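Content type CSV, C-alpha atoms, from the file run_1.csv:
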chain,number,residue,atom,x,y,z
A,1,MET,CA,0.0,0.0,0.0
A,2,LYS,CA,2.8,2.4,0.8
A,3,THR,CA,4.5,1.7,-2.5
A,4,LYS,CA,1.2,2.4,-4.4
A,5,ASN,CA,0.8,5.7,-2.6
A,6,THR,CA,4.3,6.6,-3.4
A,7,ILE,CA,3.8,5.9,-7.1
A,8,LYS,CA,0.6,8.0,-7.1
A,9,LEU,CA,2.5,10.8,-5.4
A,10,ALA,CA,5.3,10.6,-8.0
A,11,LEU,CA,2.8,10.8,-10.9
A,12,ASN,CA,0.9,13.7,-9.3
A,13,LEU,CA,4.1,15.6,-8.8
A,14,LEU,CA,5.2,14.9,-12.4
A,15,ILE,CA,1.9,16.0,-13.9
A,16,THR,CA,1.8,19.1,-11.8
A,17,GLY,CA,5.4,20.0,-12.7
A,18,LEU,CA,4.9,19.5,-16.4
A,19,PHE,CA,1.8,21.6,-16.6
A,20,SER,CA,3.3,24.4,-14.5
A,21,MET,CA,6.3,24.9,-16.8
A,22,ASN,CA,6.7,27.7,-19.3
A,23,ALA,CA,6.0,27.1,-23.0
A,24,PHE,CA,8.9,26.0,-25.1
A,25,ALA,CA,11.1,28.8,-26.4
A,26,GLN,CA,11.2,29.3,-30.1
A,27,GLY,CA,14.3,28.9,-32.2
A,28,THR,CA,16.0,26.1,-30.1
A,29,SER,CA,16.0,22.3,-30.5
A,30,ILE,CA,13.5,20.0,-28.9
A,31,ASP,CA,16.2,18.5,-26.8
A,32,GLU,CA,17.3,21.9,-25.5
A,33,ASN,CA,13.7,22.9,-24.8
A,34,LEU,CA,13.1,19.6,-22.9
A,35,LYS,CA,16.2,20.2,-20.7
A,36,GLU,CA,15.2,23.8,-20.0
A,37,SER,CA,11.6,22.8,-19.1
A,38,LEU,CA,12.4,19.7,-16.9
A,39,ARG,CA,15.5,20.7,-15.1
A,40,LYS,CA,15.1,23.3,-12.4
A,41,GLU,CA,17.3,23.6,-9.3
A,42,TYR,CA,14.4,22.7,-7.0
A,43,PHE,CA,12.4,20.3,-9.3
A,44,THR,CA,14.2,18.2,-11.9
A,45,VAL,CA,12.4,15.4,-13.8
A,46,ASN,CA,14.5,12.6,-15.3
A,47,MET,CA,13.3,9.6,-17.3
A,48,LEU,CA,14.9,6.3,-18.5
A,49,MET,CA,13.1,4.0,-20.9
A,50,GLN,CA,14.8,0.9,-22.3
A,51,THR,CA,13.2,-1.6,-24.7
A,52,GLU,CA,15.3,-4.8,-25.2
A,53,GLY,CA,15.6,-7.9,-27.3
A,54,ARG,CA,17.5,-11.1,-26.3
A,55,TYR,CA,18.2,-14.2,-28.4
A,56,SER,CA,19.9,-17.4,-27.2
A,57,PHE,CA,21.6,-19.6,-29.8
A,58,GLY,CA,21.5,-23.4,-29.7
A,59,ASP,CA,20.0,-25.7,-27.1
A,60,GLU,CA,21.9,-24.1,-24.1
A,61,LYS,CA,20.0,-20.9,-23.3
A,62,ILE,CA,22.3,-18.2,-22.0
A,63,TYR,CA,19.3,-15.8,-21.5
A,64,GLY,CA,16.7,-18.5,-21.1
A,65,ARG,CA,13.8,-17.8,-23.4
A,66,SER,CA,14.5,-15.5,-26.4
A,67,GLN,CA,12.1,-12.5,-26.2
A,68,PHE,CA,11.5,-8.8,-26.3
A,69,GLY,CA,10.8,-6.8,-23.2
A,70,VAL,CA,10.9,-3.5,-21.4
A,71,ALA,CA,14.0,-3.4,-19.2
A,72,ASN,CA,13.3,-0.1,-17.6
A,73,ALA,CA,10.6,2.6,-17.4
A,74,ARG,CA,11.9,4.8,-14.7
A,75,ILE,CA,10.9,8.3,-13.5
A,76,SER,CA,13.0,10.4,-11.1
A,77,ILE,CA,12.0,13.6,-9.3
A,78,ARG,CA,14.7,15.4,-7.4
A,79,GLY,CA,15.9,18.8,-6.4
A,80,ASN,CA,17.9,21.0,-4.2
A,81,LEU,CA,16.1,23.1,-1.5
A,82,ASP,CA,17.0,26.0,0.7
A,83,ASN,CA,19.9,25.8,3.2
A,84,GLY,CA,21.6,22.8,1.6
A,85,PHE,CA,18.7,20.2,1.7
A,86,PHE,CA,18.0,17.9,-1.2
A,87,TYR,CA,15.6,15.0,-2.1
A,88,ARG,CA,14.9,12.3,-4.6
A,89,LEU,CA,11.9,10.1,-5.4
A,90,TYR,CA,12.7,7.4,-8.0
A,91,THR,CA,10.3,4.7,-9.3
A,92,ASN,CA,10.3,2.0,-12.0
A,93,PHE,CA,7.2,0.9,-13.9
A,94,SER,CA,8.7,-1.8,-16.2
A,95,SER,CA,7.0,-4.7,-14.6
A,96,GLU,CA,5.0,-3.4,-11.6
A,97,PRO,CA,5.4,-0.2,-9.7
A,98,GLU,CA,8.6,-0.4,-7.7
A,99,LEU,CA,10.1,2.2,-5.3
A,100,LEU,CA,13.8,2.6,-6.0
A,101,ASP,CA,15.0,5.7,-4.2
A,102,ALA,CA,13.2,7.7,-1.5
A,103,PHE,CA,15.7,9.9,0.4
A,104,ILE,CA,16.2,13.2,1.9
A,105,GLY,CA,19.6,14.7,2.6
A,106,TYR,CA,21.7,17.7,3.7
A,107,ASN,CA,24.7,19.0,1.8
A,108,LEU,CA,27.4,20.6,4.0
A,109,GLY,CA,29.6,21.3,1.0
A,110,GLU,CA,31.8,19.3,-1.4
A,111,GLY,CA,33.4,17.5,1.5
A,112,LEU,CA,30.3,16.1,3.2
A,113,ARG,CA,26.8,15.1,2.2
A,114,ILE,CA,24.4,13.2,4.5
A,115,THR,CA,21.6,11.1,2.9
A,116,THR,CA,18.9,9.3,4.8
A,117,GLY,CA,16.2,6.9,3.4
A,118,GLN,CA,16.2,4.2,0.7
A,119,MET,CA,19.1,4.5,-1.8
A,120,LYS,CA,21.6,2.6,-4.0
A,121,PRO,CA,24.8,1.9,-2.0
A,122,LYS,CA,27.9,3.3,-3.8
A,123,GLN,CA,30.1,0.3,-3.2
A,124,THR,CA,31.4,-1.1,-6.4
A,125,LEU,CA,32.7,0.5,-9.6
A,126,ASP,CA,30.4,-1.7,-11.8
A,127,PHE,CA,27.3,-0.9,-9.7
A,128,ILE,CA,27.6,2.9,-9.3
A,129,PRO,CA,26.4,4.1,-12.8
A,130,ASN,CA,22.7,4.2,-13.5
A,131,PRO,CA,21.3,1.6,-15.9
A,132,GLY,CA,21.4,4.2,-18.7
A,133,ALA,CA,25.1,4.9,-18.3
A,134,THR,CA,26.7,1.4,-18.1
A,135,ASP,CA,29.4,0.2,-20.5
A,136,PHE,CA,27.3,-3.0,-21.3
A,137,ILE,CA,23.7,-3.9,-21.2
A,138,ASP,CA,24.1,-6.1,-18.1
A,139,ARG,CA,26.3,-5.5,-15.1
A,140,ALA,CA,29.0,-8.0,-14.2
A,141,VAL,CA,27.7,-11.3,-12.8
A,142,ILE,CA,29.7,-11.1,-9.5
A,143,THR,CA,28.2,-7.7,-8.8
A,144,GLY,CA,24.6,-9.0,-9.0
A,145,LYS,CA,25.4,-12.0,-6.8
A,146,LEU,CA,27.1,-10.0,-3.9
A,147,VAL,CA,25.7,-6.5,-3.9
A,148,ALA,CA,22.1,-5.5,-3.1
A,149,SER,CA,20.4,-3.0,-5.4
A,150,ARG,CA,19.0,-0.9,-2.6
A,151,GLU,CA,19.5,-0.4,1.1
A,152,ILE,CA,17.7,1.7,3.8
A,153,GLY,CA,19.8,3.7,6.2
A,154,ILE,CA,22.1,6.7,6.4
A,155,ALA,CA,25.1,7.4,4.3
A,156,LEU,CA,27.9,10.0,4.3
A,157,ASP,CA,29.9,10.8,1.1
A,158,GLY,CA,32.0,13.6,-0.3
A,159,ASN,CA,35.2,14.7,-2.0
A,160,ILE,CA,38.3,16.0,-0.4
A,161,GLY,CA,40.6,17.1,-3.2
A,162,ASP,CA,41.1,14.0,-5.4
A,163,VAL,CA,39.9,11.7,-2.6
A,164,SER,CA,36.3,10.5,-2.7
A,165,TYR,CA,34.7,8.5,0.1
A,166,TYR,CA,31.4,6.8,0.9
A,167,ALA,CA,30.3,5.3,4.3
A,168,GLY,CA,26.9,4.1,5.4
A,169,ALA,CA,24.9,2.1,8.0
A,170,PHE,CA,21.9,0.1,6.7
A,171,ASN,CA,19.3,-2.4,7.6
A,172,GLY,CA,21.1,-5.0,5.4
A,173,ARG,CA,18.1,-6.8,4.0
A,174,ASN,CA,15.4,-6.4,1.3
A,175,PRO,CA,14.3,-2.8,1.8
A,176,LEU,CA,10.6,-3.8,1.9
A,177,GLU,CA,11.0,-6.4,4.6
A,178,ILE,CA,10.4,-5.8,8.3
A,179,PRO,CA,13.7,-5.9,10.2
A,180,GLU,CA,14.2,-9.3,12.0
A,181,GLN,CA,17.3,-8.4,14.0
A,182,ASP,CA,19.1,-5.4,15.4
A,183,ASP,CA,22.5,-5.8,13.6
A,184,LEU,CA,23.3,-3.1,11.1
A,185,TYR,CA,25.1,-3.6,7.8
A,186,PHE,CA,28.0,-1.2,7.1
A,187,ILE,CA,29.3,-0.3,3.6
A,188,GLY,CA,32.3,1.8,2.7
A,189,ARG,CA,34.3,2.9,-0.3
A,190,LEU,CA,37.5,5.0,-0.7
A,191,GLN,CA,38.6,6.2,-4.1
A,192,TYR,CA,41.5,8.3,-5.4
A,193,THR,CA,41.6,10.0,-8.8
A,194,PHE,CA,44.8,10.8,-10.7
A,195,ARG,CA,44.3,13.7,-13.1
A,196,ASP,CA,47.8,14.5,-14.2
A,197,LEU,CA,49.3,11.2,-15.1
A,198,VAL,CA,47.5,10.9,-18.5
A,199,PRO,CA,45.1,12.9,-20.5
A,200,GLY,CA,41.8,12.2,-18.9
A,201,PHE,CA,41.8,10.4,-15.5
A,202,ILE,CA,42.7,7.2,-13.6
A,203,GLN,CA,40.6,6.1,-10.6
A,204,ILE,CA,41.6,3.4,-8.1
A,205,ALA,CA,39.4,2.4,-5.2
A,206,VAL,CA,38.9,-0.2,-2.4
A,207,ASN,CA,35.5,-1.1,-0.9
A,208,GLY,CA,34.1,-3.4,1.8
A,209,SER,CA,31.0,-4.2,3.8
A,210,HIS,CA,30.2,-6.2,6.9
A,211,GLY,CA,27.2,-6.8,9.2
A,212,GLY,CA,24.1,-8.7,9.9
A,213,SER,CA,21.6,-9.8,7.3
A,214,ALA,CA,18.1,-11.2,7.6
A,215,SER,CA,17.2,-14.2,5.5
A,216,GLY,CA,17.3,-13.3,1.8
A,217,ASN,CA,19.4,-13.1,-1.3
A,218,MET,CA,23.1,-12.0,-0.9
A,219,GLY,CA,22.6,-9.7,-3.9
A,220,GLY,CA,20.0,-9.3,-6.6
A,221,SER,CA,20.7,-12.8,-8.0
A,222,GLY,CA,22.9,-14.3,-5.3
A,223,PRO,CA,22.4,-17.3,-2.9
A,224,ASP,CA,20.0,-17.3,0.1
A,225,ILE,CA,21.9,-16.4,3.2
A,226,GLU,CA,21.4,-15.6,6.9
A,227,GLY,CA,23.6,-14.2,9.7
A,228,LYS,CA,26.8,-12.2,9.2
A,229,ARG,CA,28.2,-11.4,5.8
A,230,THR,CA,31.3,-9.7,4.5
A,231,THR,CA,32.3,-8.4,1.1
A,232,TYR,CA,35.5,-6.7,-0.1
A,233,GLY,CA,37.1,-5.6,-3.3
A,234,ALA,CA,39.1,-3.2,-5.4
A,235,ASP,CA,38.7,-1.5,-8.7
A,236,PHE,CA,40.4,0.6,-11.4
A,237,ARG,CA,39.2,2.7,-14.3
A,238,LEU,CA,41.2,4.7,-16.9
A,239,GLU,CA,39.7,7.0,-19.5
A,240,SER,CA,42.4,8.6,-21.6
A,241,ASN,CA,42.1,10.1,-25.1
A,242,GLN,CA,39.7,7.6,-26.7
A,243,TRP,CA,40.5,4.6,-24.6
A,244,ILE,CA,38.6,3.0,-21.7
A,245,LEU,CA,40.2,0.4,-19.4
A,246,ALA,CA,38.5,-0.9,-16.3
A,247,ALA,CA,38.9,-3.8,-13.9
A,248,GLU,CA,37.4,-5.0,-10.6
A,249,TYR,CA,37.7,-7.8,-8.1
A,250,LEU,CA,34.9,-8.6,-5.6
A,251,ALA,CA,34.6,-11.3,-3.0
A,252,GLY,CA,32.0,-12.2,-0.4
A,253,GLU,CA,31.9,-14.5,2.6
A,254,TYR,CA,28.5,-15.5,4.1
A,255,GLN,CA,26.5,-18.4,5.6
A,256,LEU,CA,23.9,-20.2,3.5
A,257,LEU,CA,20.3,-20.2,4.7
A,258,ASN,CA,19.3,-23.2,6.9
A,259,THR,CA,22.8,-24.6,7.0
A,260,SER,CA,25.9,-24.3,9.1
A,261,GLU,CA,28.1,-24.0,6.1
A,262,ASP,CA,30.1,-20.9,5.4
A,263,GLU,CA,30.5,-20.0,1.7
A,264,MET,CA,32.8,-17.8,-0.3
A,265,MET,CA,32.2,-16.4,-3.8
A,266,ASP,CA,34.6,-14.2,-5.7
A,267,GLY,CA,34.9,-12.9,-9.2
A,268,TYR,CA,36.5,-10.3,-11.5
A,269,TYR,CA,36.0,-8.5,-14.8
A,270,ALA,CA,38.3,-6.6,-17.1
A,271,THR,CA,37.0,-4.1,-19.8
A,272,LEU,CA,38.7,-2.6,-22.8
A,273,GLY,CA,36.9,0.0,-24.8
A,274,TYR,CA,37.7,2.5,-27.6
A,275,ALA,CA,35.6,5.5,-28.5
A,276,VAL,CA,35.7,5.7,-32.3
A,277,ASN,CA,34.1,9.2,-32.1
A,278,ASP,CA,31.6,11.0,-29.9
A,279,GLU,CA,28.8,8.8,-31.1
A,280,VAL,CA,30.3,5.3,-31.3
A,281,THR,CA,32.2,3.2,-28.7
A,282,ILE,CA,33.3,-0.4,-29.1
A,283,LEU,CA,34.0,-2.5,-26.0
A,284,SER,CA,35.0,-6.0,-24.8
A,285,ARG,CA,34.8,-7.5,-21.3
A,286,TRP,CA,36.1,-10.8,-19.8
A,287,GLN,CA,34.6,-11.8,-16.5
A,288,ASN,CA,34.7,-14.8,-14.1
A,289,TYR,CA,33.0,-15.9,-10.9
A,290,THR,CA,33.8,-18.9,-8.7
A,291,LEU,CA,32.1,-20.6,-5.7
A,292,ASP,CA,34.3,-22.0,-3.0
A,293,ASN,CA,31.9,-24.8,-2.0
A,294,GLN,CA,31.7,-27.4,-4.8
A,295,ASP,CA,28.7,-29.1,-3.2
A,296,PHE,CA,26.5,-26.1,-3.5
A,297,ASN,CA,24.5,-26.6,-6.8
A,298,ALA,CA,22.3,-23.5,-6.9
A,299,PHE,CA,24.8,-21.9,-9.2
A,300,ASP,CA,27.5,-23.0,-11.6
A,301,THR,CA,30.6,-23.4,-9.4
A,302,SER,CA,32.8,-21.4,-11.9
A,303,SER,CA,32.0,-19.6,-15.1
A,304,ASP,CA,33.8,-17.3,-17.6
A,305,MET,CA,32.0,-14.9,-19.9
A,306,LEU,CA,33.2,-12.9,-22.9
A,307,THR,CA,31.1,-9.9,-24.0
A,308,LEU,CA,31.6,-7.7,-27.1
A,309,GLY,CA,29.7,-4.5,-27.1
A,310,LEU,CA,28.7,-1.6,-29.5
A,311,ASN,CA,27.3,1.6,-28.1
A,312,ILE,CA,25.8,4.3,-30.4
A,313,GLN,CA,24.7,7.7,-29.1
A,314,THR,CA,22.4,9.0,-31.9
A,315,THR,CA,21.2,12.2,-30.1
A,316,GLU,CA,21.7,13.6,-26.6
A,317,PHE,CA,18.8,11.5,-25.4
A,318,ILE,CA,18.6,8.5,-27.7
A,319,SER,CA,21.1,5.6,-27.8
A,320,PHE,CA,21.5,2.0,-28.7
A,321,GLN,CA,23.5,-0.9,-27.2
A,322,VAL,CA,24.3,-4.3,-28.8
A,323,ASN,CA,26.1,-7.1,-27.0
A,324,ALA,CA,27.2,-10.5,-28.2
A,325,GLU,CA,28.1,-12.9,-25.4
A,326,MET,CA,29.6,-16.3,-24.8
A,327,LEU,CA,29.1,-18.0,-21.4
A,328,MET,CA,31.7,-20.7,-20.6
A,329,PRO,CA,30.6,-22.6,-17.5
A,330,ASP,CA,32.7,-25.4,-16.1
A,331,ASN,CA,31.6,-28.9,-17.1
A,332,GLN,CA,28.9,-27.6,-19.5
A,333,ASP,CA,28.6,-26.6,-23.1
A,334,ASN,CA,29.3,-23.0,-24.0
A,335,GLN,CA,26.3,-20.7,-24.4
A,336,LEU,CA,25.9,-17.9,-27.0
A,337,GLY,CA,23.6,-15.0,-27.0
A,338,LEU,CA,22.8,-11.6,-28.7
A,339,SER,CA,21.1,-8.8,-26.9
A,340,GLY,CA,20.1,-5.2,-27.8
A,341,VAL,CA,18.7,-2.1,-26.0
A,342,PHE,CA,17.0,0.9,-27.5
A,343,GLN,CA,17.2,3.7,-24.9
A,344,LEU,CA,15.7,7.1,-24.2
A,345,GLN,CA,17.2,9.0,-21.2
A,346,PHE,CA,16.9,12.6,-20.2

What's the structure tokens form of this structure?
Amino acid sequence: MKTKNTIKLALNLLITGLFSMNAFAQGTSIDENLKESLRKEYFTVNMLMQTEGRYSFGDEKIYGRSQFGVANARISIRGNLDNGFFYRLYTNFSSEPELLDAFIGYNLGEGLRITTGQMKPKQTLDFIPNPGATDFIDRAVITGKLVASREIGIALDGNIGDVSYYAGAFNGRNPLEIPEQDDLYFIGRLQYTFRDLVPGFIQIAVNGSHGGSASGNMGGSGPDIEGKRTTYGADFRLESNQWILAAEYLAGEYQLLNTSEDEMMDGYYATLGYAVNDEVTILSRWQNYTLDNQDFNAFDTSSDMLTLGLNIQTTEFISFQVNAEMLMPDNQDNQLGLSGVFQLQF
């Protein structure tokens, strides 16, 4: 009921905002008019719509059923208020109304922001970009298995020179579930940006999390766990001239649900990309994840995957992504697939 009321509120705010805006100015492009009308300091509307198609080759189905779908239909309302306060309300309508972000915060300056409510934790390099700004259509497998998409709690973040930090205390469970224990789940990230070594930038970071967790998935697609859990990792990203180079390692230790067994999962990915021009980027990614417990059959114990990607930005708001992938699980046949996304984001 609370989620439905939130969705109704988001729609009412959106409609009110749209009808209260000034008429489009003459002599400018539609994209420029849209930005001017929907982006105010105190009330900014953003939208992400993604339609997708996936095709699995052969008998082994990398994506399961080949089909078309709507990957995202997201609306965000956010703004900055007087005296440093800010807010965001973020929803997704792709399958059923889903509350993503609902937070209020206070900005003390570049060095410190305080955010309270439901939010995406800024833990891993692969997970930080929004779905409309990722290098590939899908995030790395290890990220989805170990990192939750949303948490409820309080977070501090900021920039001190070239150092960026993030620290938060959260419930550590599905945000919509009622807490079952008092333990908190702590998440942290520390990043440094080199700006003078190469044209562009180099970023390196370490991250970690630890705390209690009610029964539920480790991440969005991870195993069912309970009790304490710990994750840790490191990442690197370089963007120089037209080249993109990124790599990340992430590991998690946890206890499986209804067992006394401790489990460990870890994985990595490495990405190489080249921007042909401002509109076209070609990329490749190699990734792997491995389970420590060979008796746990809910997931393949070890898999490699190669992804080749083509990103095309046709206008400021319209883009395409095409990925060709090969999944290479241990003791199984290779699986091939082709996926594409048509995207509108403003």

Exercise for the section: Measuring atom to atom with all atoms listed in the file, identify which of A:Asn107, A:Asn207, A:Thr230, A:Gln123 is nearest to Gly158 of chain A. Expected result: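 With all atoms listed in the file as the atom set, the closest residue is A:Asn107.
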
Problem - Residues within 12 Å of (20.6, -22.8, -27.3), counting all atoms listed in the file, listed as a list in words - result: Tyr55, Ser56, Phe57, Gly58, Asp59, Glu60, Lys61, Ile62, Tyr63, Gly64, Arg65, Ser66, Met326, Leu327, Asp333, Asn334, Gln335, Leu336, Gly337 and Leu338 of chain A

Which residues of segment 22-130 of chain A come within 12 Å of segment 253-273 of chain A, and what is each one's closest atom pair and distance in Å (one decimal), counting all atoms listed in the file, sorted by chain and residue number, as a Markdown table?
| residue | atom | partner | partner_atom | distance |
| --- | --- | --- | --- | --- |
| A:Thr124 | CA | A:Tyr268 | CA | 11.7 |
| A:Leu125 | CA | A:Tyr269 | CA | 10.9 |
| A:Asp126 | CA | A:Tyr269 | CA | 9.3 |

Let's have the selection written as a PDB file, keeping the file's coordinate frame, with C-alpha atoms.
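Okay, this is what ended up in again_14.pdb:
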ATOM      1  CA  THR A 124      31.400  -1.100  -6.400  1.00  0.00           C
ATOM      2  CA  LEU A 125      32.700   0.500  -9.600  1.00  0.00           C
ATOM      3  CA  ASP A 126      30.400  -1.700 -11.800  1.00  0.00           C
TER       4      ASP A 126
END

Practice task
Go through A:Ile202, A:Ile225, A:Leu112, A:Ala140 and flag the residue nearest Asn159 of chain A, using all atoms listed in the file for the distances.
Solution key: A:Leu112

Exercise for the section: Enter the distance from atom CA of Asp235 of chain A to atom CA of Ile187 of chain A, in Å, rounded to one decimal. Expected result: 15.5 Å

Exercise for the section: Please identify all polymer residues within 7 Å of segment 89-99 of chain A, counting all atoms listed in the file, omitting same-chain residues fewer than 6 positions from it, and present them as an MDAnalysis selection string. Expected result: chainID A and resid 3 7 70:78

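Distances here use all atoms listed in the file; by that measure, the residue among A:Asn241, A:Ile30, A:Thr116, A:Tyr192 closest to Asp278 of chain A is A:Asn241.
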
Practice task
Using all atoms listed in the file, determine which residues lie at most 10 Å from Ile142 of chain A, disregarding the query and same-chain residues fewer than 4 positions distant; provide the list as a VMD selection string.
Solution key: chain A and resid 126 146 to 147 219 221 to 222 248 to 252 265 to 269 287 to 290

Handout entry: Length of the atom CA of Glu239 of chain A to atom CA of Leu197 of chain A vector [Å]
Key =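 Taking atom CA of Glu239 of chain A as the start and atom CA of Leu197 of chain A as the end point, the length is 11.4 Å.
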
Exercise for the section: Please provide the set of residues having any atom within 10 Å of Phe103 of chain A, restricted to all atoms listed in the file, with same-chain residues fewer than 6 positions apart removed, written as a list of chain:residue names. Expected result: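 Near Phe103 of chain A, the qualifying residues are A:Arg78, A:Phe86, A:Tyr87, A:Arg88, A:Leu89, A:Tyr90, A:Thr115, A:Thr116, A:Gly117, A:Gln118, A:Met119, A:Ile152, A:Gly153, A:Ile154.
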
Problem - Shortest interatomic distance to Asp304 of chain A - which of A:Ile128, A:Met328, A:Val198, A:Leu245, counting all atoms listed in the file - result: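 For Asp304 of chain A, the nearest of the given residues is A:Met328.
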
Practice task
Return the single residue from A:Val341, A:His210, A:Asp330, A:Met49 that is closest to Leu291 of chain A, with distances computed using only C-alpha atoms.
Solution key: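 With only C-alpha atoms as the atom set, the closest residue is A:Asp330.
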
Handout entry: Counting only C-alpha atoms, the residue of A:Gln242, A:Thr307, A:Thr193, A:Thr301 that sits nearest Asn277 of chain A
Key = A:Gln242

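The two atoms in question, atom CA of Arg113 of chain A and atom CA of Asp135 of chain A, are spaced 27.3 Å apart.
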
Practice task
Would you mind listing what lies within 7 Å of Ile318 of chain A as a ChimeraX atom specification, with all atoms listed in the file counted and same-chain residues fewer than 6 positions away left out?
Solution key: /A:343-345

Exercise for the section: Find the residues near Lys35 of chain A: any atom within 10 Å, counting only C-alpha atoms, skip ones fewer than 5 places away on the same chain, and give them as a PyMOL selection string. Expected result: chain A and resi 30+40+44-46+346

Can those selected residues be exported to a file as a tab-separated table (two decimals), in the frame of the given file so that it contains C-alpha atoms?
chain	number	residue	atom	x	y	z
A	30	ILE	CA	13.50	20.00	-28.90
A	40	LYS	CA	15.10	23.30	-12.40
A	44	THR	CA	14.20	18.20	-11.90
A	45	VAL	CA	12.40	15.40	-13.80
A	46	ASN	CA	14.50	12.60	-15.30
A	346	PHE	CA	16.90	12.60	-20.20
